[in-house]
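Have a look at structure_14.pdb below; it lists PDB, C-alpha atoms.
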ATOM      1  CA  MET A   7       0.000   0.000   0.000
ATOM      2  CA  LYS A   8       1.312   3.424  -0.931
ATOM      3  CA  GLN A   9       1.763   5.735   2.034
ATOM      4  CA  PRO A  10      -0.315   8.917   1.930
ATOM      5  CA  ILE A  11       1.469  12.238   1.575
ATOM      6  CA  TRP A  12      -0.568  13.568   4.494
ATOM      7  CA  ASN A  13       0.653  13.139   8.063
ATOM      8  CA  PHE A  14      -2.194  14.480  10.171
ATOM      9  CA  GLU A  15      -1.714  11.483  12.435
ATOM     10  CA  GLN A  16       1.528  13.061  13.730
ATOM     11  CA  GLU A  17       0.149  16.576  14.283
ATOM     12  CA  PRO A  18      -0.060  17.738  17.923
ATOM     13  CA  TYR A  19      -3.138  16.612  19.856
ATOM     14  CA  ASP A  20      -5.326  18.744  22.123
ATOM     15  CA  GLN A  21      -5.484  15.876  24.595
ATOM     16  CA  SER A  22      -3.432  12.785  25.214
ATOM     17  CA  PRO A  23      -4.261  10.452  22.291
ATOM     18  CA  ASP A  24      -5.479   6.905  22.616
ATOM     19  CA  GLU A  25      -5.324   4.137  20.027
ATOM     20  CA  THR A  26      -8.693   5.150  18.568
ATOM     21  CA  SER A  27      -7.847   8.837  18.137
ATOM     22  CA  ILE A  28      -4.577   7.910  16.407
ATOM     23  CA  ASN A  29      -6.380   5.440  14.119
ATOM     24  CA  LEU A  30      -9.020   8.037  13.252
ATOM     25  CA  ARG A  31      -6.351  10.519  12.175
ATOM     26  CA  ALA A  32      -4.652   7.816  10.103
ATOM     27  CA  TYR A  33      -8.052   7.044   8.547
ATOM     28  CA  PHE A  34      -8.303  10.667   7.394
ATOM     29  CA  ASP A  35      -4.699  10.635   6.121
ATOM     30  CA  ARG A  36      -5.796   7.914   3.689
ATOM     31  CA  MET A  37      -9.003   9.637   2.585
ATOM     32  CA  PRO A  38      -8.695  11.058  -0.952
ATOM     33  CA  ASP A  39      -8.283  14.820  -1.006
ATOM     34  CA  GLU A  40     -10.989  15.191  -3.656
ATOM     35  CA  LYS A  41     -13.469  13.472  -1.358
ATOM     36  CA  MET A  42     -12.467  15.469   1.688
ATOM     37  CA  ARG A  43     -12.844  18.725  -0.248
ATOM     38  CA  ARG A  44     -16.491  17.860  -0.976
ATOM     39  CA  TYR A  45     -17.370  17.727   2.738
ATOM     40  CA  SER A  46     -19.806  20.343   4.007
ATOM     41  CA  PRO A  47     -20.162  21.208   7.712
ATOM     42  CA  ASP A  48     -23.825  21.951   6.971
ATOM     43  CA  TRP A  49     -24.602  18.300   6.247
ATOM     44  CA  SER A  50     -26.867  16.389   8.604
ATOM     45  CA  ASP A  51     -25.307  13.486  10.482
ATOM     46  CA  ASP A  52     -27.126  11.068   8.156
ATOM     47  CA  ARG A  53     -25.725  12.820   5.069
ATOM     48  CA  LEU A  54     -22.222  12.769   6.586
ATOM     49  CA  MET A  55     -22.444   9.039   7.306
ATOM     50  CA  GLU A  56     -23.700   8.391   3.767
ATOM     51  CA  TRP A  57     -20.859  10.479   2.292
ATOM     52  CA  ASP A  58     -18.221   8.541   4.216
ATOM     53  CA  GLY A  59     -19.805   5.159   3.537
ATOM     54  CA  ASN A  60     -18.027   3.437   6.415
ATOM     55  CA  PHE A  61     -20.458   3.855   9.307
ATOM     56  CA  ARG A  62     -22.148   0.866  10.911
ATOM     57  CA  ASP A  63     -25.898   0.533  11.414
ATOM     58  CA  ASP A  64     -25.488   1.668  15.031
ATOM     59  CA  GLY A  65     -24.157   5.072  13.869
ATOM     60  CA  ASN A  66     -20.496   4.491  14.763
ATOM     61  CA  LEU A  67     -17.579   4.510  12.343
ATOM     62  CA  LEU A  68     -16.231   1.113  11.312
ATOM     63  CA  LEU A  69     -12.620   1.620  12.373
ATOM     64  CA  VAL A  70     -10.474  -1.491  12.781
ATOM     65  CA  CYS A  71      -8.055  -2.012  15.665
ATOM     66  CA  SER A  72      -9.723   0.561  17.885
ATOM     67  CA  GLU A  73     -10.499   0.295  21.559
ATOM     68  CA  ARG A  74     -13.667   2.423  21.479
ATOM     69  CA  ASP A  75     -16.424   3.538  19.135
ATOM     70  CA  VAL A  76     -16.186   6.739  17.093
ATOM     71  CA  GLU A  77     -19.510   8.538  17.032
ATOM     72  CA  VAL A  78     -20.423  11.042  14.354
ATOM     73  CA  GLN A  79     -19.713  14.062  16.599
ATOM     74  CA  GLU A  80     -16.103  13.018  17.191
ATOM     75  CA  TYR A  81     -15.747  12.027  13.529
ATOM     76  CA  ARG A  82     -16.963  15.455  12.386
ATOM     77  CA  LYS A  83     -14.661  17.330  14.810
ATOM     78  CA  VAL A  84     -11.558  15.399  13.759
ATOM     79  CA  LEU A  85     -12.509  15.554  10.074
ATOM     80  CA  GLU A  86     -12.702  19.349  10.270
ATOM     81  CA  GLU A  87      -9.293  19.414  12.008
ATOM     82  CA  ALA A  88      -7.902  17.211   9.216
ATOM     83  CA  ILE A  89      -9.298  19.593   6.595
ATOM     84  CA  ARG A  90      -7.647  22.574   8.301
ATOM     85  CA  TYR A  91      -4.373  20.618   8.435
ATOM     86  CA  ARG A  92      -4.556  19.830   4.705
ATOM     87  CA  ASP A  93      -5.430  23.412   3.837
ATOM     88  CA  ARG A  94      -2.319  24.490   5.750
ATOM     89  CA  VAL A  95       0.141  22.012   4.189
ATOM     90  CA  ARG A  96      -1.350  21.284   0.750
ATOM     91  CA  ASP A  97       0.737  23.820  -1.202
ATOM     92  CA  ASP A  98       3.972  22.455   0.277
ATOM     93  CA  LEU A  99       3.063  18.825  -0.495
ATOM     94  CA  ILE A 100       1.536  19.069  -3.954
ATOM     95  CA  GLY A 101       4.892  19.620  -5.657
ATOM     96  CA  ARG A 102       6.393  16.527  -4.030
ATOM     97  CA  ASP A 103       3.741  13.921  -4.852
ATOM     98  CA  GLU A 104       0.251  13.411  -6.228
ATOM     99  CA  VAL A 105      -2.569  14.576  -3.998
TER     100      VAL A 105
END
Can you turn what I pasted into C-alpha cells?
Amino acid sequence: MKQPIWNFEQEPYDQSPDETSINLRAYFDRMPDEKMRRYSPDWSDDRLMEWDGNFRDDGNLLLVCSERDVEVQEYRKVLEEAIRYRDRVRDDLIGRDEV
C-alpha cells in the first residue's frame, strides 16, 4: 500500500491520544483529497455518514483495531481538524507527490 502524503496522524493533539484517536487521524490521512474537499459542515449526520460510507448501522464509524467507538460528533470534529491541516500544508506537499 502506498503511504499517503498527508501526516495528520503526527500533528499535535489537544489531549493525550489513545489508540482510537490515532487510528481516526490515520483514517483521514488515507481519505482522498478530492473526497475530503467535498465535505460540508452543513450536512446532517445522516448525510455525513452516507458520504463517508463506512459507518455501521449503530451510527459508529467502522474503524479497525480501535479500543472504542467513534460517534459522528467526534468524527466530524476530527474531520474538520484534518481539513484545516490539509489546507495548511497542501501547497507544500503538492509539488512533491500526487494529492
Residues within 8 Å of segment 85-92 of chain A, all atoms listed in the file, excluding chain neighbours under 3 positions, as a PDB file with C-alpha atoms, in the coordinates of the input:
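The resulting file, around-v6.pdb, is shown below:
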ATOM      1  CA  TRP A  12      -0.568  13.568   4.494  1.00  0.00           C
ATOM      2  CA  PHE A  14      -2.194  14.480  10.171  1.00  0.00           C
ATOM      3  CA  ARG A  31      -6.351  10.519  12.175  1.00  0.00           C
ATOM      4  CA  PHE A  34      -8.303  10.667   7.394  1.00  0.00           C
ATOM      5  CA  ASP A  35      -4.699  10.635   6.121  1.00  0.00           C
ATOM      6  CA  MET A  42     -12.467  15.469   1.688  1.00  0.00           C
ATOM      7  CA  ARG A  43     -12.844  18.725  -0.248  1.00  0.00           C
ATOM      8  CA  TYR A  81     -15.747  12.027  13.529  1.00  0.00           C
ATOM      9  CA  ARG A  82     -16.963  15.455  12.386  1.00  0.00           C
ATOM     10  CA  VAL A  95       0.141  22.012   4.189  1.00  0.00           C
ATOM     11  CA  ARG A  96      -1.350  21.284   0.750  1.00  0.00           C
TER      12      ARG A  96
END
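Reported to one decimal place, the separation of atom CA of Leu69 of chain A from atom CA of Ser22 of chain A is 19.3 Å.
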Notebook entry, point to check: For Tyr19 of chain A, which residue out of A:Val84, A:Tyr33, A:Val76, A:Asp97 is the nearest one, using only C-alpha atoms?
Noted result: A:Val84
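Shortest separation to Leu54 of chain A among A:Leu30, A:Glu17, A:Gln79, A:Ser72 occurs at residue A:Gln79, atoms counted being only C-alpha atoms.
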Note to self: Taking all atoms listed in the file into account, name the residue in A:Arg62, A:Arg74, A:Arg94, A:Lys8 that is nearest to Ile28 of chain A.
What the structure shows: A:Arg74
Note to self: Could you check the closest approach to Val70 of chain A for each of A:Ser46, A:Ala32, A:Glu40, A:Leu99 and tell me which residue wins, using all atoms listed in the file?
What the structure shows: A:Ala32
Next item on the list: Please measure the separation of atom CA of Pro38 of chain A and atom CA of Asp98 of chain A, giving the value in Å to one decimal.
Entry: 17.1 Å
I need the residue set behind the PyMOL selection byres ((chain A and resi 65) around 12) for this file; please write it as a PDB file with C-alpha atoms, keeping the file's coordinate frame.
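Full text of result.pdb as output:
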ATOM      1  CA  ASP A  51     -25.307  13.486  10.482  1.00  0.00           C
ATOM      2  CA  ASP A  52     -27.126  11.068   8.156  1.00  0.00           C
ATOM      3  CA  ARG A  53     -25.725  12.820   5.069  1.00  0.00           C
ATOM      4  CA  LEU A  54     -22.222  12.769   6.586  1.00  0.00           C
ATOM      5  CA  MET A  55     -22.444   9.039   7.306  1.00  0.00           C
ATOM      6  CA  GLU A  56     -23.700   8.391   3.767  1.00  0.00           C
ATOM      7  CA  ASP A  58     -18.221   8.541   4.216  1.00  0.00           C
ATOM      8  CA  GLY A  59     -19.805   5.159   3.537  1.00  0.00           C
ATOM      9  CA  ASN A  60     -18.027   3.437   6.415  1.00  0.00           C
ATOM     10  CA  PHE A  61     -20.458   3.855   9.307  1.00  0.00           C
ATOM     11  CA  ARG A  62     -22.148   0.866  10.911  1.00  0.00           C
ATOM     12  CA  ASP A  63     -25.898   0.533  11.414  1.00  0.00           C
ATOM     13  CA  ASP A  64     -25.488   1.668  15.031  1.00  0.00           C
ATOM     14  CA  ASN A  66     -20.496   4.491  14.763  1.00  0.00           C
ATOM     15  CA  LEU A  67     -17.579   4.510  12.343  1.00  0.00           C
ATOM     16  CA  LEU A  68     -16.231   1.113  11.312  1.00  0.00           C
ATOM     17  CA  ASP A  75     -16.424   3.538  19.135  1.00  0.00           C
ATOM     18  CA  VAL A  76     -16.186   6.739  17.093  1.00  0.00           C
ATOM     19  CA  GLU A  77     -19.510   8.538  17.032  1.00  0.00           C
ATOM     20  CA  VAL A  78     -20.423  11.042  14.354  1.00  0.00           C
ATOM     21  CA  GLN A  79     -19.713  14.062  16.599  1.00  0.00           C
ATOM     22  CA  GLU A  80     -16.103  13.018  17.191  1.00  0.00           C
ATOM     23  CA  TYR A  81     -15.747  12.027  13.529  1.00  0.00           C
TER      24      TYR A  81
END
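What separates atom CA of Ile11 of chain A from atom CA of Arg36 of chain A is a distance of 8.7 Å.
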Margin query: With 7 Å as the threshold, what does the neighbourhood of (-17.3, 11.9, -2.0) contain in terms of residues, counting all atoms listed in the file? Coordinates are those of the file; answer as a VMD selection string.
Written below: chain A and resid 41 44 57
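Distances to Pro10 of chain A were evaluated for A:Met37, A:Lys83, A:Asn29, A:Pro23 using only C-alpha atoms, and the minimum falls at A:Met37.
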With 5 Å on each side, where is the centre of the axis-aligned box around all listed atoms of segment 90-95 of chain A, and how long are its edges in Å to one decimal, as lines of an AutoDock Vina configuration file?
center_x = -3.8
center_y = 22.2
center_z = 6.1
size_x = 17.8
size_y = 14.7
size_z = 14.6
Provide segment 51-89 of chain A of the preceding structure as a file containing N, CA and C atoms, as a PDB file, in the first residue's frame.
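Contents of the output file part06.pdb:
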ATOM      1  N   ASP A  51     -26.101  14.656  10.116  1.00  0.00           N
ATOM      2  CA  ASP A  51     -25.307  13.486  10.482  1.00  0.00           C
ATOM      3  C   ASP A  51     -25.554  12.330   9.508  1.00  0.00           C
ATOM      4  N   ASP A  52     -26.812  12.139   9.100  1.00  0.00           N
ATOM      5  CA  ASP A  52     -27.126  11.068   8.156  1.00  0.00           C
ATOM      6  C   ASP A  52     -26.410  11.283   6.821  1.00  0.00           C
ATOM      7  N   ARG A  53     -26.401  12.508   6.333  1.00  0.00           N
ATOM      8  CA  ARG A  53     -25.725  12.820   5.069  1.00  0.00           C
ATOM      9  C   ARG A  53     -24.218  12.592   5.199  1.00  0.00           C
ATOM     10  N   LEU A  54     -23.641  12.985   6.334  1.00  0.00           N
ATOM     11  CA  LEU A  54     -22.222  12.769   6.586  1.00  0.00           C
ATOM     12  C   LEU A  54     -21.886  11.280   6.576  1.00  0.00           C
ATOM     13  N   MET A  55     -22.692  10.483   7.251  1.00  0.00           N
ATOM     14  CA  MET A  55     -22.444   9.039   7.306  1.00  0.00           C
ATOM     15  C   MET A  55     -22.581   8.416   5.920  1.00  0.00           C
ATOM     16  N   GLU A  56     -23.528   8.882   5.134  1.00  0.00           N
ATOM     17  CA  GLU A  56     -23.700   8.391   3.767  1.00  0.00           C
ATOM     18  C   GLU A  56     -22.491   8.768   2.907  1.00  0.00           C
ATOM     19  N   TRP A  57     -22.018   9.996   3.050  1.00  0.00           N
ATOM     20  CA  TRP A  57     -20.859  10.479   2.292  1.00  0.00           C
ATOM     21  C   TRP A  57     -19.617   9.640   2.584  1.00  0.00           C
ATOM     22  N   ASP A  58     -19.391   9.333   3.859  1.00  0.00           N
ATOM     23  CA  ASP A  58     -18.221   8.541   4.216  1.00  0.00           C
ATOM     24  C   ASP A  58     -18.382   7.095   3.750  1.00  0.00           C
ATOM     25  N   GLY A  59     -19.540   6.525   3.981  1.00  0.00           N
ATOM     26  CA  GLY A  59     -19.805   5.159   3.537  1.00  0.00           C
ATOM     27  C   GLY A  59     -19.211   4.066   4.403  1.00  0.00           C
ATOM     28  N   ASN A  60     -18.682   4.428   5.576  1.00  0.00           N
ATOM     29  CA  ASN A  60     -18.027   3.437   6.415  1.00  0.00           C
ATOM     30  C   ASN A  60     -18.574   3.446   7.848  1.00  0.00           C
ATOM     31  N   PHE A  61     -19.817   3.870   7.997  1.00  0.00           N
ATOM     32  CA  PHE A  61     -20.458   3.855   9.307  1.00  0.00           C
ATOM     33  C   PHE A  61     -21.308   2.595   9.441  1.00  0.00           C
ATOM     34  N   ARG A  62     -21.338   2.056  10.637  1.00  0.00           N
ATOM     35  CA  ARG A  62     -22.148   0.866  10.911  1.00  0.00           C
ATOM     36  C   ARG A  62     -23.606   1.276  11.124  1.00  0.00           C
ATOM     37  N   ASP A  63     -24.470   0.288  11.195  1.00  0.00           N
ATOM     38  CA  ASP A  63     -25.898   0.533  11.414  1.00  0.00           C
ATOM     39  C   ASP A  63     -26.174   1.221  12.749  1.00  0.00           C
ATOM     40  N   ASP A  64     -25.286   1.050  13.718  1.00  0.00           N
ATOM     41  CA  ASP A  64     -25.488   1.668  15.031  1.00  0.00           C
ATOM     42  C   ASP A  64     -25.030   3.126  15.071  1.00  0.00           C
ATOM     43  N   GLY A  65     -24.554   3.669  13.937  1.00  0.00           N
ATOM     44  CA  GLY A  65     -24.157   5.072  13.869  1.00  0.00           C
ATOM     45  C   GLY A  65     -22.714   5.355  14.235  1.00  0.00           C
ATOM     46  N   ASN A  66     -21.916   4.325  14.450  1.00  0.00           N
ATOM     47  CA  ASN A  66     -20.496   4.491  14.763  1.00  0.00           C
ATOM     48  C   ASN A  66     -19.651   4.120  13.550  1.00  0.00           C
ATOM     49  N   LEU A  67     -18.493   4.763  13.441  1.00  0.00           N
ATOM     50  CA  LEU A  67     -17.579   4.510  12.343  1.00  0.00           C
ATOM     51  C   LEU A  67     -16.982   3.117  12.463  1.00  0.00           C
ATOM     52  N   LEU A  68     -16.900   2.402  11.349  1.00  0.00           N
ATOM     53  CA  LEU A  68     -16.231   1.113  11.312  1.00  0.00           C
ATOM     54  C   LEU A  68     -14.742   1.391  11.194  1.00  0.00           C
ATOM     55  N   LEU A  69     -14.036   1.300  12.299  1.00  0.00           N
ATOM     56  CA  LEU A  69     -12.620   1.620  12.373  1.00  0.00           C
ATOM     57  C   LEU A  69     -11.920   0.442  13.037  1.00  0.00           C
ATOM     58  N   VAL A  70     -11.117  -0.280  12.268  1.00  0.00           N
ATOM     59  CA  VAL A  70     -10.474  -1.491  12.781  1.00  0.00           C
ATOM     60  C   VAL A  70      -9.396  -1.150  13.803  1.00  0.00           C
ATOM     61  N   CYS A  71      -9.113  -2.121  14.657  1.00  0.00           N
ATOM     62  CA  CYS A  71      -8.055  -2.012  15.665  1.00  0.00           C
ATOM     63  C   CYS A  71      -8.236  -0.801  16.569  1.00  0.00           C
ATOM     64  N   SER A  72      -9.448  -0.564  16.994  1.00  0.00           N
ATOM     65  CA  SER A  72      -9.723   0.561  17.885  1.00  0.00           C
ATOM     66  C   SER A  72     -10.343   0.049  19.173  1.00  0.00           C
ATOM     67  N   GLU A  73     -10.037   0.739  20.244  1.00  0.00           N
ATOM     68  CA  GLU A  73     -10.499   0.295  21.559  1.00  0.00           C
ATOM     69  C   GLU A  73     -11.858   0.862  21.946  1.00  0.00           C
ATOM     70  N   ARG A  74     -12.357   1.836  21.177  1.00  0.00           N
ATOM     71  CA  ARG A  74     -13.667   2.423  21.479  1.00  0.00           C
ATOM     72  C   ARG A  74     -14.350   2.841  20.182  1.00  0.00           C
ATOM     73  N   ASP A  75     -15.643   3.110  20.290  1.00  0.00           N
ATOM     74  CA  ASP A  75     -16.424   3.538  19.135  1.00  0.00           C
ATOM     75  C   ASP A  75     -16.163   5.000  18.819  1.00  0.00           C
ATOM     76  N   VAL A  76     -16.277   5.354  17.545  1.00  0.00           N
ATOM     77  CA  VAL A  76     -16.186   6.739  17.093  1.00  0.00           C
ATOM     78  C   VAL A  76     -17.573   7.142  16.629  1.00  0.00           C
ATOM     79  N   GLU A  77     -18.192   8.030  17.387  1.00  0.00           N
ATOM     80  CA  GLU A  77     -19.510   8.538  17.032  1.00  0.00           C
ATOM     81  C   GLU A  77     -19.359   9.688  16.053  1.00  0.00           C
ATOM     82  N   VAL A  78     -20.454  10.039  15.414  1.00  0.00           N
ATOM     83  CA  VAL A  78     -20.423  11.042  14.354  1.00  0.00           C
ATOM     84  C   VAL A  78     -19.918  12.400  14.849  1.00  0.00           C
ATOM     85  N   GLN A  79     -20.175  12.772  16.089  1.00  0.00           N
ATOM     86  CA  GLN A  79     -19.713  14.062  16.599  1.00  0.00           C
ATOM     87  C   GLN A  79     -18.194  14.126  16.651  1.00  0.00           C
ATOM     88  N   GLU A  80     -17.564  13.072  17.157  1.00  0.00           N
ATOM     89  CA  GLU A  80     -16.103  13.018  17.191  1.00  0.00           C
ATOM     90  C   GLU A  80     -15.549  12.957  15.767  1.00  0.00           C
ATOM     91  N   TYR A  81     -16.170  12.148  14.919  1.00  0.00           N
ATOM     92  CA  TYR A  81     -15.747  12.027  13.529  1.00  0.00           C
ATOM     93  C   TYR A  81     -15.745  13.403  12.868  1.00  0.00           C
ATOM     94  N   ARG A  82     -16.833  14.138  13.018  1.00  0.00           N
ATOM     95  CA  ARG A  82     -16.963  15.455  12.386  1.00  0.00           C
ATOM     96  C   ARG A  82     -15.893  16.419  12.909  1.00  0.00           C
ATOM     97  N   LYS A  83     -15.660  16.437  14.210  1.00  0.00           N
ATOM     98  CA  LYS A  83     -14.661  17.330  14.810  1.00  0.00           C
ATOM     99  C   LYS A  83     -13.270  17.043  14.256  1.00  0.00           C
ATOM    100  N   VAL A  84     -12.892  15.767  14.224  1.00  0.00           N
ATOM    101  CA  VAL A  84     -11.558  15.399  13.759  1.00  0.00           C
ATOM    102  C   VAL A  84     -11.447  15.586  12.244  1.00  0.00           C
ATOM    103  N   LEU A  85     -12.510  15.312  11.515  1.00  0.00           N
ATOM    104  CA  LEU A  85     -12.509  15.554  10.074  1.00  0.00           C
ATOM    105  C   LEU A  85     -12.239  17.032   9.779  1.00  0.00           C
ATOM    106  N   GLU A  86     -12.896  17.916  10.501  1.00  0.00           N
ATOM    107  CA  GLU A  86     -12.702  19.349  10.270  1.00  0.00           C
ATOM    108  C   GLU A  86     -11.282  19.779  10.652  1.00  0.00           C
ATOM    109  N   GLU A  87     -10.699  19.155  11.674  1.00  0.00           N
ATOM    110  CA  GLU A  87      -9.293  19.414  12.008  1.00  0.00           C
ATOM    111  C   GLU A  87      -8.380  18.923  10.881  1.00  0.00           C
ATOM    112  N   ALA A  88      -8.696  17.767  10.318  1.00  0.00           N
ATOM    113  CA  ALA A  88      -7.902  17.211   9.216  1.00  0.00           C
ATOM    114  C   ALA A  88      -7.979  18.107   7.980  1.00  0.00           C
ATOM    115  N   ILE A  89      -9.138  18.673   7.729  1.00  0.00           N
ATOM    116  CA  ILE A  89      -9.298  19.593   6.595  1.00  0.00           C
ATOM    117  C   ILE A  89      -8.454  20.846   6.810  1.00  0.00           C
TER     118      ILE A  89
END
